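Chemist: So that we are looking at the same thing, I have put the structure below in structure tokens.
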Amino acid sequence: MNASVPHIETMRSQLGRARGLGAGHSGVGHWWAERTSAATLLPLSTWFVVQMFRLGGADHAEVVKWGGKPLNATMMAALIITTFYHAQVGLQVIVDDYVHGKAHVPARLLVKIGTSLLGLLGVFAVIKLVASSSSAK
């Protein structure tokens with residue numbers, strides 16, 4: 001009598017064995033996030049460029065007055081938030097594709113923390129601009 005365990009072959013296709021493995025389930029979400037943020041950045045960036053041309057020869061007081069208007073402050077904050085979100089999603093894909101081993105998790109954290117801090121700094125600058133505009137009145 002043979003005491004060894006019998007070998008059982010499973011008849012599964014390569015696709016069946018690959019299902020549920022890897023990052024296949026999160027790629028679609030990243031793809032949509034990148035495309036949505038890019039599509040949102042198009043009108044926001046166009047608005048910003050037009051506004052900068054309009055403010056071409058303005059002095060500091062005029063720029064502060066312009067930045068203190070609620071519509072302009074909201075649009076600038078939306079531009080900053082969307083820009084850094086788009087950067088975070090894009091850099092995360094790069095880290096996922098090209099950084100392997102022990103450096104992967106710290107690189108992902110660095111991307112998230114770095115883009116979040118820079119975005120918060122930009123939003124804080126807009127809030128400061130609005131506050132200085134309202135105190136100058």
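Identifiers for the structure tokens are assigned positionally: chains receive A, B, ... in sequence, residues are indexed from 1 per chain, and ligands are indexed from 1 in the order shown.
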Would you mind listing what lies within 12 Å of range 29-33 of chain A as a count of residues only, with only C-alpha atoms counted and same-chain residues fewer than 6 positions away left out?
Modeler: 15
Chemist: For Ile81 in chain A, find every residue with an atom within 12 Å (counting only C-alpha atoms), except residues of its own chain fewer than 5 positions away, and show them as a ChimeraX atom specification.
Modeler: /A:37,40-41,44,74-76,86-88,115-124,126
Chemist: Taking only C-alpha atoms into account, which of A:Val105, A:Ala38, A:Ala58, A:Val64 comes nearest Leu129 in chain A?
Modeler: A:Val64
Chemist: Which of chain A end up as alpha helix (DSSP H) when DSSP is run on this backbone - answer as a count of residues only?
Modeler: 102
Chemist: Quote the spacing between CA of Thr36 in chain A and CA of Val130 in chain A in Å to one decimal place.
Modeler: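 So the answer is 28.1 Å.
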Chemist: With only C-alpha atoms as the basis for distance, which of A:Ser4, A:Trp47, A:Ala107, A:Ser135 is at the shortest distance from Leu71 in chain A?
Modeler: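 Closest to Leu71 in chain A of all the choices is A:Trp47.
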Chemist: Using only C-alpha atoms, which of the listed residues (A:Lys112, A:Lys69, A:His104, A:Arg54) sits closest to Ser134 in chain A?
Modeler: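 Looking at the shortest contact to Ser134 in chain A, the residue is A:Lys69.
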Chemist: Report the distance between CA of Val28 in chain A and CA of Lys102 in chain A in Å, rounded to one decimal place.
Modeler: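 Computing the Euclidean distance for CA of Val28 in chain A and CA of Lys102 in chain A yields 25.5 Å.
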